[in-house]
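> Structure below; questions to follow.
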There are 2 protein chains.
Amino acid sequence: MPDQKPIIDGAICPLPLSHHEQIVMGHGSGGRMTRELIEAVFSRHFSNSILDRNNDAASLELDAVTMPGSRVAVSTDCHVISPLFFPGGDIGRLSVCGTVNDVAMLGAEPRFLTAGFILEEGLLISRLEEIVTSMASAAGEAGVLIVAGDTKVVEKGKADGVFITTSGVGFIPPGRDINGSSAQPGDQILISGTIGDHGIAVLSARGDLGIDSTIQSDMAPLNHMIANMLEAAPHTHVLRDPTRGGVATTLNEIAIQSQVCMLLDEKSLPIRHDVNAACELLGFDPLYVANEGKVIVIVTAAEANQALIALQSHPYGENAAIIGKVEESPVAKVLLNTVIGATRILDMLSGSMLPRIC
Amino acid sequence: MPDQKPIIDGAICPLPLSHHEQIVMGHGSGGRMTRELIEAVFSRHFSNSILDRNNDAASLELDAVTMPGSRVAVSTDCHVISPLFFPGGDIGRLSVCGTVNDVAMLGAEPRFLTAGFILEEGLLISRLEEIVTSMASAAGEAGVLIVAGDTKVVEKGKADGVFITTSGVGFIPPGRDINGSSAQPGDQILISGTIGDHGIAVLSARGDLGIDSTIQSDMAPLNHMIANMLEAAPHTHVLRDPTRGGVATTLNEIAIQSQVCMLLDEKSLPIRHDVNAACELLGFDPLYVANEGKVIVIVTAAEANQALIALQSHPYGENAAIIGKVEESPVAKVLLNTVIGATRILDMLSGSMLPRIC
């Protein structure tokens, strides 16, 4: 590195950030280079009055955003997806959508995010900036502020480009109680759109398919769509996004928590033709493939149609469908009525079906 | 792997967790193996009524913990320390203390943590359990609950054992406003104990020193000590923990935020003899070495002695000292009056002085 100059206490003065094309260990030192990276990349794109105070923690006014009886929803999600960029998104958009959606699954209004970055030495700063730009854009769409962050750097070969852990804070209105143990016999099961798109899009970008595809990740912040739906169907019992493990695993979790049976109707499952074709080719079951922009809704039969119409009236929910119903028994099981008239047990995903996709 | 048996949908049924000694990719699949890992390791040690609801996000009652006018303090910290275990602590205790302390630096009472784990394939599950046990113990000491988490697994060689990102939520009592821009000329500067212990302890554990030492990390949750101190000295203006970059870098940040000068008195700096000796041997300045159980306090001159006594009366603050004062100019600078009577500018840490130590 030319042009380095000594400074008063004998350490080396780093070049301005613009002279670095890659992340170096000094960017994680906590000193001047960390500050420069934060100012040049993170603060510039994430700027808001809370983050800009630059304290060890962010301070959030409660009274302005909550009513008496509100609860706080808190969630966290580590994002380690490979590759970092793929059709329909990148790790930045994923890291915002994933946590926004987790908070929204309690019926909460997501408001604030924190973001922790683990950067691998050698990462191109231009790539990091693309990722950060994408996060800022997704946060804008979701209506959340990134209020606190952290940046660490590890040696080349000790990470995989960048890992991003986001945590989310939202507010649950008084009286709302949506959770995995509230599914009841008689409830209807809805999905907000086609299943398996994200997993297949990421696999396709890795070149693991050996086929060309135009399948895009469905990744999206679902909070606005969910807020609309909860107005139309206030007796929604469960919301959950079927990410890792897919729809089948997620429904198994709910079946266990609620001690009920989930009965799915195979012919009602919305699946894109190309996703289905890719799954057949690879021996995958789309019911186990990850989604990042879909929500499973379990709602009283009386409100199921209102919920469906509300979902379908939002761009992220236009392919929403009722895919099954909740029954009393067998408890803690998920059953599928297949197109050929058989009934099959859908267990949790066992082992590891797919590479890192979220 | 012997004894595997096929299940109905053709995937492989994993062995019970007890048969796995190491983390495998399936532990990050989101399916049955992830559930088994969470139940066997995380839920067992972190169990509480909020976490045990097993939803996508944790739901926290506000009314029970806040008064009208309270604010929420939120913070996040990625922990990538190497080695994972070192004299005085491990990455688990660090990941709790680091975030508890960041929340406490706003004068907030830390209450809840989230924890995101990025595990490297091949990590011994017994090591993970040691780390998780250590986190649970530190959380108990600090009085915080771990209410939400996430676990991802990356291929061998794509991480460094385990990375832990914790986020913290606390509550700031009405009327309290402690932040980095509040230092005022005339204020006194305190440190709660000896400096540089953590960085030198970790370096020593890496074998990079080439010397044997008995130096232990100072890692500790400081929230109870700080709460005591704030009762004794309610006009505290700034609290900040001098982690990466050390005391000198942290004071530079505050000097910039508050647009004041920090004038330190070298002979008043509490430094252990062995830390000093190690620093001299290695050409380090203890003022730039990381701490994980110390706080810088900037407080009105009228309350400085009360603050000092309150710190010294707590086990984590027994070596607390007044180390300097805030002056009007030169703005945004940190000066050191040395033992030989000279005055030296202490700049921010430039470049990268130390390996990964937090």
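Simple scheme: letters A, B, ... for chains in structure tokens order, numbers from 1 for residues in each chain, numbers from 1 for ligands in the order shown.
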So which bits of stretch 213-309 of chain B end up helix (DSSP H, G or I) when you DSSP the backbone, as a VMD selection string?
chain B and resid 223 to 232 246 to 258 266 to 268 273 to 282 286 to 288 301 to 309
> Using only N, CA and C atoms, please write the residues we just selected to a file, as a CSV table (one decimal), in the first residue's frame.

chain,number,residue,atom,x,y,z
B,223,ASN,N,-24.2,-4.0,34.4
B,223,ASN,CA,-25.5,-3.3,34.6
B,223,ASN,C,-25.8,-3.0,36.0
B,224,HIS,N,-25.5,-3.9,36.9
B,224,HIS,CA,-25.9,-3.7,38.3
B,224,HIS,C,-25.0,-2.6,38.9
B,225,MET,N,-23.7,-2.7,38.6
B,225,MET,CA,-22.8,-1.6,39.1
B,225,MET,C,-23.2,-0.3,38.6
B,226,ILE,N,-23.5,-0.2,37.3
B,226,ILE,CA,-23.9,1.1,36.8
B,226,ILE,C,-25.2,1.6,37.4
B,227,ALA,N,-26.1,0.7,37.7
B,227,ALA,CA,-27.4,1.1,38.3
B,227,ALA,C,-27.1,1.8,39.7
B,228,ASN,N,-26.2,1.1,40.4
B,228,ASN,CA,-25.8,1.7,41.7
B,228,ASN,C,-25.2,3.1,41.6
B,229,MET,N,-24.3,3.2,40.6
B,229,MET,CA,-23.6,4.4,40.4
B,229,MET,C,-24.5,5.5,40.0
B,230,LEU,N,-25.5,5.2,39.1
B,230,LEU,CA,-26.5,6.2,38.7
B,230,LEU,C,-27.4,6.7,39.8
B,231,GLU,N,-27.6,5.9,40.8
B,231,GLU,CA,-28.3,6.4,42.0
B,231,GLU,C,-27.5,7.4,42.8
B,232,ALA,N,-26.2,7.1,42.8
B,232,ALA,CA,-25.3,8.0,43.6
B,232,ALA,C,-24.9,9.3,42.8
B,246,GLY,N,-10.0,0.5,22.5
B,246,GLY,CA,-9.6,0.8,23.8
B,246,GLY,C,-10.1,2.2,24.3
B,247,VAL,N,-9.5,2.6,25.5
B,247,VAL,CA,-9.9,3.9,26.1
B,247,VAL,C,-9.7,5.1,25.2
B,248,ALA,N,-8.5,5.1,24.5
B,248,ALA,CA,-8.2,6.2,23.7
B,248,ALA,C,-9.2,6.4,22.6
B,249,THR,N,-9.5,5.4,21.9
B,249,THR,CA,-10.4,5.5,20.7
B,249,THR,C,-11.8,5.9,21.2
B,250,THR,N,-12.3,5.2,22.3
B,250,THR,CA,-13.6,5.5,22.9
B,250,THR,C,-13.7,7.0,23.3
B,251,LEU,N,-12.7,7.5,23.9
B,251,LEU,CA,-12.7,8.9,24.3
B,251,LEU,C,-12.7,9.9,23.1
B,252,ASN,N,-12.0,9.4,22.0
B,252,ASN,CA,-12.0,10.2,20.8
B,252,ASN,C,-13.4,10.3,20.2
B,253,GLU,N,-14.1,9.2,20.3
B,253,GLU,CA,-15.5,9.2,19.7
B,253,GLU,C,-16.3,10.2,20.5
B,254,ILE,N,-16.2,10.1,21.9
B,254,ILE,CA,-17.0,11.0,22.7
B,254,ILE,C,-16.6,12.5,22.5
B,255,ALA,N,-15.3,12.7,22.3
B,255,ALA,CA,-14.8,14.1,22.1
B,255,ALA,C,-15.4,14.7,20.8
B,256,ILE,N,-15.5,13.8,19.8
B,256,ILE,CA,-16.1,14.3,18.5
B,256,ILE,C,-17.6,14.5,18.7
B,257,GLN,N,-18.3,13.6,19.3
B,257,GLN,CA,-19.7,13.7,19.5
B,257,GLN,C,-20.1,14.9,20.3
B,258,SER,N,-19.3,15.2,21.4
B,258,SER,CA,-19.6,16.3,22.3
B,258,SER,C,-18.9,17.6,21.9
B,266,GLU,N,-1.8,10.7,32.9
B,266,GLU,CA,-1.2,9.4,32.7
B,266,GLU,C,-1.0,8.7,34.0
B,267,LYS,N,-0.6,9.4,35.1
B,267,LYS,CA,-0.2,8.7,36.3
B,267,LYS,C,-1.4,8.2,37.1
B,268,SER,N,-2.6,8.7,36.7
B,268,SER,CA,-3.8,8.2,37.4
B,268,SER,C,-4.4,7.0,36.7
B,273,HIS,N,0.4,-4.3,36.6
B,273,HIS,CA,1.8,-4.4,36.2
B,273,HIS,C,2.0,-5.4,35.1
B,274,ASP,N,1.4,-6.5,35.2
B,274,ASP,CA,1.6,-7.5,34.1
B,274,ASP,C,1.1,-7.1,32.8
B,275,VAL,N,0.0,-6.4,32.8
B,275,VAL,CA,-0.6,-5.9,31.5
B,275,VAL,C,0.4,-4.9,30.9
B,276,ASN,N,0.9,-4.0,31.8
B,276,ASN,CA,1.8,-3.0,31.3
B,276,ASN,C,3.1,-3.7,30.8
B,277,ALA,N,3.6,-4.7,31.5
B,277,ALA,CA,4.8,-5.4,31.1
B,277,ALA,C,4.6,-6.0,29.7
B,278,ALA,N,3.4,-6.7,29.5
B,278,ALA,CA,3.1,-7.3,28.3
B,278,ALA,C,3.1,-6.3,27.1
B,279,CYS,N,2.4,-5.2,27.4
B,279,CYS,CA,2.3,-4.1,26.4
B,279,CYS,C,3.7,-3.6,26.0
B,280,GLU,N,4.5,-3.4,27.0
B,280,GLU,CA,5.9,-2.8,26.7
B,280,GLU,C,6.6,-3.8,25.8
B,281,LEU,N,6.5,-5.1,26.2
B,281,LEU,CA,7.2,-6.1,25.4
B,281,LEU,C,6.8,-6.1,24.0
B,282,LEU,N,5.5,-5.9,23.8
B,282,LEU,CA,4.9,-6.1,22.4
B,282,LEU,C,4.8,-4.7,21.7
B,286,PRO,N,-1.5,0.4,26.3
B,286,PRO,CA,-2.7,-0.1,26.9
B,286,PRO,C,-3.9,0.7,26.7
B,287,LEU,N,-3.7,2.0,26.3
B,287,LEU,CA,-4.9,2.9,26.1
B,287,LEU,C,-5.6,2.5,24.8
B,288,TYR,N,-5.0,1.6,24.0
B,288,TYR,CA,-5.6,1.1,22.7
B,288,TYR,C,-6.1,-0.3,22.8
B,301,ALA,N,-18.5,17.6,37.9
B,301,ALA,CA,-17.5,17.6,39.0
B,301,ALA,C,-18.1,17.4,40.4
B,302,ALA,N,-19.3,18.0,40.5
B,302,ALA,CA,-20.0,17.9,41.8
B,302,ALA,C,-20.3,16.5,42.3
B,303,GLU,N,-20.5,15.6,41.3
B,303,GLU,CA,-20.9,14.2,41.6
B,303,GLU,C,-19.8,13.2,41.4
B,304,ALA,N,-18.6,13.7,41.0
B,304,ALA,CA,-17.6,12.7,40.6
B,304,ALA,C,-17.2,11.8,41.7
B,305,ASN,N,-17.1,12.4,42.9
B,305,ASN,CA,-16.6,11.6,44.1
B,305,ASN,C,-17.7,10.5,44.5
B,306,GLN,N,-18.9,11.0,44.4
B,306,GLN,CA,-20.0,10.0,44.7
B,306,GLN,C,-20.0,8.8,43.7
B,307,ALA,N,-19.8,9.2,42.5
B,307,ALA,CA,-19.7,8.2,41.4
B,307,ALA,C,-18.6,7.2,41.7
B,308,LEU,N,-17.4,7.8,42.0
B,308,LEU,CA,-16.2,7.0,42.3
B,308,LEU,C,-16.4,6.0,43.4
B,309,ILE,N,-17.0,6.5,44.5
B,309,ILE,CA,-17.3,5.7,45.7
B,309,ILE,C,-18.2,4.6,45.3
> Write down, as JSON, numbers by chain, each residue of chain B that has any atom within 6 Å of an atom of chain A, counting only C-alpha atoms.
{"B": [12, 13, 14, 26, 29, 30, 31, 32, 56, 57, 58, 59, 60, 61, 62, 71, 72, 73, 74, 75, 76, 77, 78, 102, 103, 116, 148, 149, 150, 158, 159, 160, 244, 245, 348, 349, 350, 351, 352]}
> Can you tell me how far atom CA of B:Thr236 sits from atom CA of B:Ile146, in Å to one decimal?
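Taking atom CA of B:Thr236 as the start and atom CA of B:Ile146 as the end point, the length is 29.0 Å.
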> Give the strand (DSSP E) residues of stretch 233-344 of chain B, as assigned by DSSP on the backbone, as a list in words.
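Assigned to strand (DSSP E), within stretch 233-344 of chain B: Thr236, His237, Val238, Leu239, Arg240, Cys261, Met262, Leu263, Leu264, Asp265, Ile296, Val297, Ile298, Val299, Ala321, Ile322, Ile323, Gly324, Lys325, Val326, Glu327, Lys333, Val334, Leu335, Leu336, Asn337, Thr343 and Arg344 of chain B.
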> Show which residues sit within 8 Å of B:Ala205, as a list in words. Count only C-alpha atoms, and ignore same-chain residues fewer than 6 positions away.
Pro83, Phe86 and Pro87 of chain B
> Those same residues - N, CA and C atoms - I'd like them written as a short mmCIF file (atom, residue, chain, number, x, y, z; two decimals), in the first residue's frame.

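The new file selection-v5.cif reads:
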data_model
loop_
_atom_site.label_atom_id
_atom_site.label_comp_id
_atom_site.auth_asym_id
_atom_site.auth_seq_id
_atom_site.Cartn_x
_atom_site.Cartn_y
_atom_site.Cartn_z
N PRO B 83 -9.16 -17.24 20.36
CA PRO B 83 -9.87 -18.51 20.49
C PRO B 83 -11.23 -18.35 21.20
N PHE B 86 -10.74 -18.60 26.66
CA PHE B 86 -9.52 -17.87 27.03
C PHE B 86 -9.58 -17.58 28.53
N PRO B 87 -8.47 -17.18 29.13
CA PRO B 87 -8.48 -16.95 30.58
C PRO B 87 -9.52 -15.90 30.97
#
> In Å, with one decimal, what is the gap from atom CA of A:Gly175 to atom CA of A:His237?
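A separation of 12.7 Å between them.
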> Report, in Å with one decimal, the straight-line distance from atom CA of A:Gly98 to atom CA of A:Glu292.
6.8 Å
